[in-house]
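What follows is the content of final.pdb (PDB, C-alpha atoms).
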ATOM      1  CA  MET W   1     -10.877 -12.060 -14.333
ATOM      2  CA  PRO W   2      -7.466 -10.428 -14.969
ATOM      3  CA  ASN W   3      -4.321 -12.536 -14.922
ATOM      4  CA  LYS W   4      -3.209 -13.540 -11.443
ATOM      5  CA  LYS W   5       0.317 -14.157 -10.201
ATOM      6  CA  LEU W   6       1.900 -16.855  -8.068
ATOM      7  CA  VAL W   7       4.686 -15.478  -5.890
ATOM      8  CA  ILE W   8       7.052 -17.480  -3.695
ATOM      9  CA  CYS W   9       8.605 -15.949  -0.594
ATOM     10  CA  LEU W  10      12.006 -16.912   0.749
ATOM     11  CA  ASP W  11      12.365 -15.799   4.375
ATOM     12  CA  VAL W  12      16.104 -15.876   5.016
ATOM     13  CA  ARG W  13      17.985 -16.026   8.307
ATOM     14  CA  ASP W  14      21.767 -16.445   8.393
ATOM     15  CA  ARG W  15      21.709 -17.226   4.654
ATOM     16  CA  LYS W  16      19.270 -20.098   5.113
ATOM     17  CA  VAL W  17      15.619 -20.107   4.056
ATOM     18  CA  THR W  18      13.562 -20.459   7.218
ATOM     19  CA  LYS W  19       9.871 -21.036   7.925
ATOM     20  CA  GLY W  20       7.775 -20.932  11.055
ATOM     21  CA  VAL W  21       4.209 -20.423  12.228
ATOM     22  CA  LYS W  22       3.111 -16.884  13.080
ATOM     23  CA  PHE W  23       6.810 -15.880  12.986
ATOM     24  CA  LYS W  24       7.708 -18.410  15.695
ATOM     25  CA  GLY W  25       9.375 -21.820  15.844
ATOM     26  CA  ASN W  26      11.318 -21.274  12.644
ATOM     27  CA  ILE W  27      13.298 -24.094  11.095
ATOM     28  CA  ASP W  28      15.809 -23.936   8.252
ATOM     29  CA  VAL W  29      14.589 -25.471   4.997
ATOM     30  CA  GLY W  30      17.311 -24.811   2.419
ATOM     31  CA  ASP W  31      19.741 -22.580   0.557
ATOM     32  CA  PRO W  32      18.126 -19.428  -0.879
ATOM     33  CA  VAL W  33      20.056 -19.464  -4.157
ATOM     34  CA  GLU W  34      19.365 -23.138  -4.846
ATOM     35  CA  MET W  35      15.682 -22.744  -3.971
ATOM     36  CA  ALA W  36      15.337 -19.607  -6.108
ATOM     37  CA  ILE W  37      16.843 -21.433  -9.092
ATOM     38  CA  LYS W  38      14.442 -24.338  -8.567
ATOM     39  CA  TYR W  39      11.315 -22.185  -8.349
ATOM     40  CA  ASN W  40      12.406 -20.079 -11.307
ATOM     41  CA  ALA W  41      12.761 -23.258 -13.389
ATOM     42  CA  GLU W  42       9.323 -24.455 -12.262
ATOM     43  CA  GLY W  43       7.675 -21.305 -13.605
ATOM     44  CA  VAL W  44       6.923 -19.086 -10.610
ATOM     45  CA  ASP W  45       5.879 -15.550 -11.608
ATOM     46  CA  GLU W  46       7.894 -13.622  -9.019
ATOM     47  CA  LEU W  47      10.173 -14.257  -6.061
ATOM     48  CA  PHE W  48      10.469 -12.247  -2.856
ATOM     49  CA  ILE W  49      13.361 -12.446  -0.416
ATOM     50  CA  TYR W  50      12.935 -11.178   3.131
ATOM     51  CA  ASP W  51      16.039 -11.045   5.314
ATOM     52  CA  PHE W  52      14.370 -12.206   8.513
ATOM     53  CA  ASN W  53      16.547 -10.581  11.176
ATOM     54  CA  SER W  54      17.902  -7.510   9.395
ATOM     55  CA  SER W  55      15.510  -4.972  10.923
ATOM     56  CA  SER W  56      15.910  -6.246  14.492
ATOM     57  CA  GLU W  57      19.697  -6.396  13.979
ATOM     58  CA  ASN W  58      19.721  -2.827  12.597
ATOM     59  CA  ARG W  59      21.383  -3.745   9.281
ATOM     60  CA  LEU W  60      20.584  -3.950   5.591
ATOM     61  CA  CYS W  61      19.677  -7.282   4.029
ATOM     62  CA  ASP W  62      22.430  -9.574   2.713
ATOM     63  CA  ILE W  63      23.294  -7.773  -0.545
ATOM     64  CA  GLU W  64      25.721 -10.439  -1.766
ATOM     65  CA  MET W  65      23.005 -13.075  -1.424
ATOM     66  CA  VAL W  66      20.567 -10.849  -3.336
ATOM     67  CA  LYS W  67      23.121 -10.473  -6.143
ATOM     68  CA  GLU W  68      23.640 -14.216  -6.369
ATOM     69  CA  VAL W  69      19.920 -14.927  -6.504
ATOM     70  CA  ALA W  70      19.253 -12.197  -9.074
ATOM     71  CA  GLN W  71      22.037 -13.477 -11.353
ATOM     72  CA  ASN W  72      20.504 -16.943 -11.422
ATOM     73  CA  ILE W  73      16.814 -16.231 -12.101
ATOM     74  CA  SER W  74      14.815 -14.673 -14.921
ATOM     75  CA  VAL W  75      11.670 -13.618 -13.027
ATOM     76  CA  PRO W  76      11.240 -10.330 -11.127
ATOM     77  CA  LEU W  77      12.803 -10.274  -7.660
ATOM     78  CA  GLY W  78      11.482  -8.305  -4.697
ATOM     79  CA  VAL W  79      13.686  -7.771  -1.654
ATOM     80  CA  GLY W  80      12.962  -6.612   1.873
ATOM     81  CA  GLY W  81      14.792  -6.339   5.136
ATOM     82  CA  GLY W  82      16.529  -3.464   6.867
ATOM     83  CA  VAL W  83      15.875  -0.863   4.153
ATOM     84  CA  ARG W  84      16.006   2.526   5.875
ATOM     85  CA  ASN W  85      16.999   5.156   3.298
ATOM     86  CA  LEU W  86      17.548   5.903  -0.384
ATOM     87  CA  GLU W  87      21.106   4.569  -0.335
ATOM     88  CA  ASP W  88      19.830   1.209   0.988
ATOM     89  CA  MET W  89      17.210   1.151  -1.773
ATOM     90  CA  HIS W  90      19.841   1.958  -4.372
ATOM     91  CA  GLN W  91      22.019  -0.925  -3.149
ATOM     92  CA  VAL W  92      19.118  -3.361  -3.351
ATOM     93  CA  LEU W  93      18.249  -2.284  -6.892
ATOM     94  CA  LEU W  94      21.878  -2.395  -8.022
ATOM     95  CA  ALA W  95      22.054  -5.948  -6.651
ATOM     96  CA  GLY W  96      19.390  -6.977  -9.168
ATOM     97  CA  ALA W  97      16.066  -6.521  -7.376
ATOM     98  CA  LYS W  98      13.149  -5.039  -9.310
ATOM     99  CA  LYS W  99      11.115  -4.196  -6.208
ATOM    100  CA  ILE W 100      11.933  -2.953  -2.729
ATOM    101  CA  SER W 101       9.703  -4.082   0.123
ATOM    102  CA  ILE W 102       9.579  -1.861   3.197
ATOM    103  CA  ASN W 103       7.636  -2.755   6.314
ATOM    104  CA  SER W 104       8.653  -1.847   9.859
ATOM    105  CA  PHE W 105      10.687   1.224   8.969
ATOM    106  CA  ALA W 106       7.915   2.610   6.763
ATOM    107  CA  VAL W 107       5.551   2.546   9.732
ATOM    108  CA  LEU W 108       8.099   4.434  11.829
ATOM    109  CA  ASN W 109       9.059   6.829   9.026
ATOM    110  CA  PRO W 110       6.276   6.949   6.398
ATOM    111  CA  ASN W 111       8.030   9.604   4.322
ATOM    112  CA  ILE W 112      10.544   6.979   3.186
ATOM    113  CA  ILE W 113       7.810   5.706   0.850
ATOM    114  CA  ALA W 114       7.464   9.095  -0.836
ATOM    115  CA  GLU W 115      11.236   9.504  -1.075
ATOM    116  CA  GLY W 116      11.642   6.068  -2.644
ATOM    117  CA  ALA W 117       8.802   6.575  -5.098
ATOM    118  CA  LYS W 118      10.224   9.922  -6.200
ATOM    119  CA  ALA W 119      13.742   8.547  -6.639
ATOM    120  CA  PHE W 120      13.026   5.145  -8.179
ATOM    121  CA  GLY W 121       9.339   5.103  -9.169
ATOM    122  CA  SER W 122       6.242   3.767  -7.428
ATOM    123  CA  GLN W 123       6.570   0.496  -9.348
ATOM    124  CA  CYS W 124       9.640  -0.267  -7.201
ATOM    125  CA  MET W 125       7.975   0.450  -3.870
ATOM    126  CA  VAL W 126       6.148  -2.448  -2.206
ATOM    127  CA  LEU W 127       4.574  -1.837   1.183
ATOM    128  CA  GLY W 128       4.910  -4.929   3.364
ATOM    129  CA  MET W 129       2.120  -5.051   5.944
ATOM    130  CA  ASP W 130       1.746  -7.431   8.872
ATOM    131  CA  ALA W 131      -1.843  -7.246  10.116
ATOM    132  CA  LYS W 132      -3.310  -8.843  13.234
ATOM    133  CA  LEU W 133      -6.980  -9.313  14.129
ATOM    134  CA  VAL W 134      -7.708  -7.348  17.313
ATOM    135  CA  GLY W 135     -11.410  -6.559  16.975
ATOM    136  CA  VAL W 136     -13.198  -3.420  15.889
ATOM    137  CA  SER W 137     -12.653  -0.337  18.019
ATOM    138  CA  GLU W 138     -12.708   3.425  17.601
ATOM    139  CA  LYS W 139      -8.937   3.381  17.074
ATOM    140  CA  ILE W 140      -8.939   0.276  14.846
ATOM    141  CA  PRO W 141     -12.147   0.552  12.772
ATOM    142  CA  SER W 142     -11.249  -2.317  10.414
ATOM    143  CA  GLY W 143     -10.549  -4.661  13.336
ATOM    144  CA  TYR W 144      -7.010  -5.322  12.089
ATOM    145  CA  GLU W 145      -3.959  -3.663  13.611
ATOM    146  CA  ILE W 146      -0.500  -3.180  12.102
ATOM    147  CA  VAL W 147       2.337  -4.970  13.912
ATOM    148  CA  ILE W 148       6.036  -4.588  13.168
ATOM    149  CA  ARG W 149       9.382  -6.194  13.960
ATOM    150  CA  GLY W 150       8.246  -9.684  13.011
ATOM    151  CA  GLY W 151       4.968  -9.392  14.898
ATOM    152  CA  ARG W 152       6.609  -8.368  18.148
ATOM    153  CA  GLU W 153       5.317  -4.781  18.383
ATOM    154  CA  ASN W 154       1.708  -3.582  18.075
ATOM    155  CA  MET W 155       1.488  -0.092  16.618
ATOM    156  CA  GLY W 156      -2.075   1.016  17.384
ATOM    157  CA  LEU W 157      -2.459   1.658  13.651
ATOM    158  CA  ASP W 158      -5.441   0.502  11.598
ATOM    159  CA  ALA W 159      -4.345  -1.762   8.734
ATOM    160  CA  VAL W 160      -6.734  -0.384   6.126
ATOM    161  CA  GLU W 161      -5.992   3.236   6.967
ATOM    162  CA  TRP W 162      -2.258   2.529   6.816
ATOM    163  CA  ALA W 163      -2.628   0.889   3.385
ATOM    164  CA  LYS W 164      -4.455   3.955   2.061
ATOM    165  CA  LYS W 165      -1.886   6.351   3.488
ATOM    166  CA  ALA W 166       1.023   4.360   2.067
ATOM    167  CA  VAL W 167      -0.505   4.340  -1.414
ATOM    168  CA  ASP W 168      -1.117   8.079  -1.198
ATOM    169  CA  LEU W 169       2.583   8.460  -0.349
ATOM    170  CA  GLY W 170       3.625   6.463  -3.412
ATOM    171  CA  ALA W 171       3.546   2.738  -2.683
ATOM    172  CA  GLY W 172       2.861   0.963  -5.977
ATOM    173  CA  GLU W 173       1.960  -2.429  -4.525
ATOM    174  CA  ILE W 174       0.997  -3.948  -1.178
ATOM    175  CA  CYS W 175       2.096  -7.293   0.222
ATOM    176  CA  LEU W 176      -0.414  -8.006   2.973
ATOM    177  CA  ASN W 177       0.502 -10.705   5.471
ATOM    178  CA  SER W 178      -1.878 -11.948   8.142
ATOM    179  CA  ILE W 179      -0.101 -12.746  11.391
ATOM    180  CA  ASP W 180      -3.022 -14.935  12.461
ATOM    181  CA  THR W 181      -2.754 -17.286   9.477
ATOM    182  CA  ASP W 182       0.984 -17.065   8.744
ATOM    183  CA  GLY W 183       2.399 -20.570   8.327
ATOM    184  CA  VAL W 184      -0.810 -22.199   9.587
ATOM    185  CA  ARG W 185      -1.705 -23.527   6.110
ATOM    186  CA  ASN W 186      -5.477 -23.403   6.606
ATOM    187  CA  GLY W 187      -6.143 -20.673   4.057
ATOM    188  CA  TYR W 188      -5.656 -16.947   3.645
ATOM    189  CA  GLU W 189      -7.289 -14.320   5.868
ATOM    190  CA  LEU W 190      -9.836 -13.277   3.270
ATOM    191  CA  ALA W 191     -11.602 -10.572   5.281
ATOM    192  CA  ILE W 192      -8.655  -8.198   5.706
ATOM    193  CA  THR W 193      -7.421  -9.013   2.202
ATOM    194  CA  GLU W 194     -10.649  -7.835   0.621
ATOM    195  CA  LYS W 195     -10.875  -4.797   2.910
ATOM    196  CA  VAL W 196      -7.471  -3.633   1.697
ATOM    197  CA  CYS W 197      -8.219  -4.496  -1.939
ATOM    198  CA  GLN W 198     -11.338  -2.340  -1.841
ATOM    199  CA  ALA W 199      -9.512   0.533  -0.137
ATOM    200  CA  VAL W 200      -6.631   0.968  -2.599
ATOM    201  CA  LYS W 201      -6.133   1.070  -6.356
ATOM    202  CA  VAL W 202      -2.772  -0.709  -6.491
ATOM    203  CA  PRO W 203      -2.124  -4.471  -6.735
ATOM    204  CA  VAL W 204      -2.404  -6.446  -3.510
ATOM    205  CA  ILE W 205      -0.372  -9.595  -2.851
ATOM    206  CA  ALA W 206      -2.022 -11.834  -0.254
ATOM    207  CA  SER W 207       0.316 -13.611   2.138
ATOM    208  CA  GLY W 208      -0.068 -15.960   5.074
ATOM    209  CA  GLY W 209      -2.006 -19.207   5.216
ATOM    210  CA  ALA W 210      -1.752 -21.059   1.915
ATOM    211  CA  GLY W 211      -1.524 -24.809   2.464
ATOM    212  CA  GLU W 212      -3.253 -26.266  -0.595
ATOM    213  CA  PRO W 213      -4.021 -25.072  -4.129
ATOM    214  CA  LYS W 214      -7.685 -24.733  -3.182
ATOM    215  CA  HIS W 215      -6.718 -21.927  -0.789
ATOM    216  CA  ILE W 216      -5.255 -19.955  -3.686
ATOM    217  CA  VAL W 217      -8.326 -20.619  -5.812
ATOM    218  CA  GLU W 218     -10.527 -19.437  -2.939
ATOM    219  CA  LEU W 219      -8.427 -16.289  -2.555
ATOM    220  CA  PHE W 220      -8.929 -15.277  -6.178
ATOM    221  CA  GLN W 221     -12.594 -16.223  -6.223
ATOM    222  CA  LYS W 222     -13.470 -14.282  -3.075
ATOM    223  CA  THR W 223     -11.133 -11.277  -3.135
ATOM    224  CA  GLN W 224      -9.675  -8.852  -5.634
ATOM    225  CA  ALA W 225      -6.071  -9.776  -4.771
ATOM    226  CA  GLU W 226      -3.831  -9.832  -7.825
ATOM    227  CA  ALA W 227      -1.212 -12.231  -6.496
ATOM    228  CA  ALA W 228      -0.933 -15.104  -4.039
ATOM    229  CA  LEU W 229       2.260 -15.464  -2.044
ATOM    230  CA  VAL W 230       3.161 -18.964  -0.870
ATOM    231  CA  ALA W 231       6.007 -20.455   1.125
ATOM    232  CA  SER W 232       5.407 -23.522   3.318
ATOM    233  CA  MET W 233       3.369 -25.443   0.767
ATOM    234  CA  VAL W 234       6.258 -25.422  -1.701
ATOM    235  CA  HIS W 235       9.231 -25.319   0.672
ATOM    236  CA  PHE W 236       8.255 -28.603   2.330
ATOM    237  CA  GLY W 237       7.618 -30.347  -0.993
ATOM    238  CA  ASN W 238       3.843 -30.652  -0.674
ATOM    239  CA  TYR W 239       3.204 -29.002  -4.038
ATOM    240  CA  SER W 240       5.152 -27.793  -7.046
ATOM    241  CA  VAL W 241       4.560 -24.543  -8.918
ATOM    242  CA  LYS W 242       3.118 -26.553 -11.814
ATOM    243  CA  GLN W 243       0.648 -28.392  -9.587
ATOM    244  CA  ILE W 244      -0.566 -25.118  -8.094
ATOM    245  CA  LYS W 245      -0.935 -23.425 -11.465
ATOM    246  CA  ASP W 246      -2.708 -26.454 -12.944
ATOM    247  CA  GLU W 247      -5.314 -26.274 -10.160
ATOM    248  CA  MET W 248      -5.747 -22.552 -10.733
ATOM    249  CA  LYS W 249      -6.317 -23.101 -14.428
ATOM    250  CA  LYS W 250      -8.851 -25.856 -13.733
ATOM    251  CA  ALA W 251     -10.788 -23.358 -11.627
ATOM    252  CA  GLY W 252     -10.827 -20.900 -14.517
ATOM    253  CA  ILE W 253      -8.231 -18.552 -13.076
ATOM    254  CA  CYS W 254      -5.962 -16.923 -15.670
ATOM    255  CA  VAL W 255      -2.381 -17.242 -14.471
TER
END

Would you encode the structure as structure tokens?
Amino acid sequence: MPNKKLVICLDVRDRKVTKGVKFKGNIDVGDPVEMAIKYNAEGVDELFIYDFNSSSENRLCDIEMVKEVAQNISVPLGVGGGVRNLEDMHQVLLAGAKKISINSFAVLNPNIIAEGAKAFGSQCMVLGMDAKLVGVSEKIPSGYEIVIRGGRENMGLDAVEWAKKAVDLGAGEICLNSIDTDGVRNGYELAITEKVCQAVKVPVIASGGAGEPKHIVELFQKTQAEAALVASMVHFGNYSVKQIKDEMKKAGICV
């Protein structure tokens, strides 16, 4: 089994880290810079920041906050939220991010993936995907549909087909979030995770549902995901990075 990564996500709204269930009922849980410093010190492999309201508010993510986080950590930083063009991408990278995550706007304008990959390299381009279980149909053969704008808009787009198209356009990594398990803490949505892993040849980060270390172990034992993204289980103090990694190592997972 190749080395696996533990990634922590900081969803930020009004410069506060926020967490909800299925993108609803969010509460503020802390300062993004302070939390990033803490997780960096604990040994997380990567951090992702998502500016929660930037897309719906038609603006770029908080660049000054990104700069402050990047200056205070040593692990790779991925950033998403409101990225609409090459200039936005350039700003995010100049602020200290190593990866740019694009989600809603990529669905509406897929060519932005190709433009970003050509300008900055596929290794910088992370496709963020929010997938929802809707059942198998002629239009949605995988049974999972892409939703955008924080789960508020169904796109009639099959999740697996979209993943394949995005990789063909130049996405170098996929962060796959399940709307149905997001924040629920009962485990990842393994079915769609493995479907996407089998469909593409780039790393897949699984997101949505981790509540205990055993969920991460199960993810790596039952899917080909290369990274597990967590939020609630560390934000609310249930587990530390060390505790999670210790359980992974006990299960024979290289991390």

The PyMOL selection byres ((chain W and resi 199) around 10) resolved against shown file, as a ChimeraX atom specification: /W:160-161,163-164,167,194-198,200-202

Distance query Pro110 in chain W at most 12 Å, all atoms listed in the file, self and fewer than 4 positions along chain excluded, as a ChimeraX atom specification: /W:84-85,102-106,114-117,127,162-171

For those residues, write C-alpha atoms to a file as an mmCIF file, keeping the file's coordinate frame.
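So selection24.cif came out as:
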data_model
loop_
_atom_site.group_PDB
_atom_site.id
_atom_site.type_symbol
_atom_site.label_atom_id
_atom_site.label_comp_id
_atom_site.auth_asym_id
_atom_site.auth_seq_id
_atom_site.Cartn_x
_atom_site.Cartn_y
_atom_site.Cartn_z
ATOM 1 C CA ARG W 84 16.006 2.526 5.875
ATOM 2 C CA ASN W 85 16.999 5.156 3.298
ATOM 3 C CA ILE W 102 9.579 -1.861 3.197
ATOM 4 C CA ASN W 103 7.636 -2.755 6.314
ATOM 5 C CA SER W 104 8.653 -1.847 9.859
ATOM 6 C CA PHE W 105 10.687 1.224 8.969
ATOM 7 C CA ALA W 106 7.915 2.610 6.763
ATOM 8 C CA ALA W 114 7.464 9.095 -0.836
ATOM 9 C CA GLU W 115 11.236 9.504 -1.075
ATOM 10 C CA GLY W 116 11.642 6.068 -2.644
ATOM 11 C CA ALA W 117 8.802 6.575 -5.098
ATOM 12 C CA LEU W 127 4.574 -1.837 1.183
ATOM 13 C CA TRP W 162 -2.258 2.529 6.816
ATOM 14 C CA ALA W 163 -2.628 0.889 3.385
ATOM 15 C CA LYS W 164 -4.455 3.955 2.061
ATOM 16 C CA LYS W 165 -1.886 6.351 3.488
ATOM 17 C CA ALA W 166 1.023 4.360 2.067
ATOM 18 C CA VAL W 167 -0.505 4.340 -1.414
ATOM 19 C CA ASP W 168 -1.117 8.079 -1.198
ATOM 20 C CA LEU W 169 2.583 8.460 -0.349
ATOM 21 C CA GLY W 170 3.625 6.463 -3.412
ATOM 22 C CA ALA W 171 3.546 2.738 -2.683
#

Selection result for the PyMOL selection byres ((chain W and resi 210) around 10) on this file, as a ChimeraX atom specification: /W:181-189,206-209,211-216,219,228-234

Residues in the PyMOL selection byres ((chain W and resi 70) around 12), expressed as a PyMOL selection string: chain W and resi 32-34+36-37+40+46-49+63-69+71-79+92-99

Atomic distance CA of Val126 in chain W - CA of Ile174 in chain W, expressed in Å with one decimal: 5.5 Å

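Taking CA of Leu133 in chain W and CA of Gln221 in chain W as the two end points, the separation is 22.2 Å.
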
Between CA of Glu173 in chain W and CA of Gly143 in chain W - distance in Å to one decimal: 21.9 Å

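Compared by their closest atoms to Ala251 in chain W, and using all atoms listed in the file, the residues W:Leu190, W:Val217, W:Ala225, W:Asp180 rank with W:Val217 nearest.
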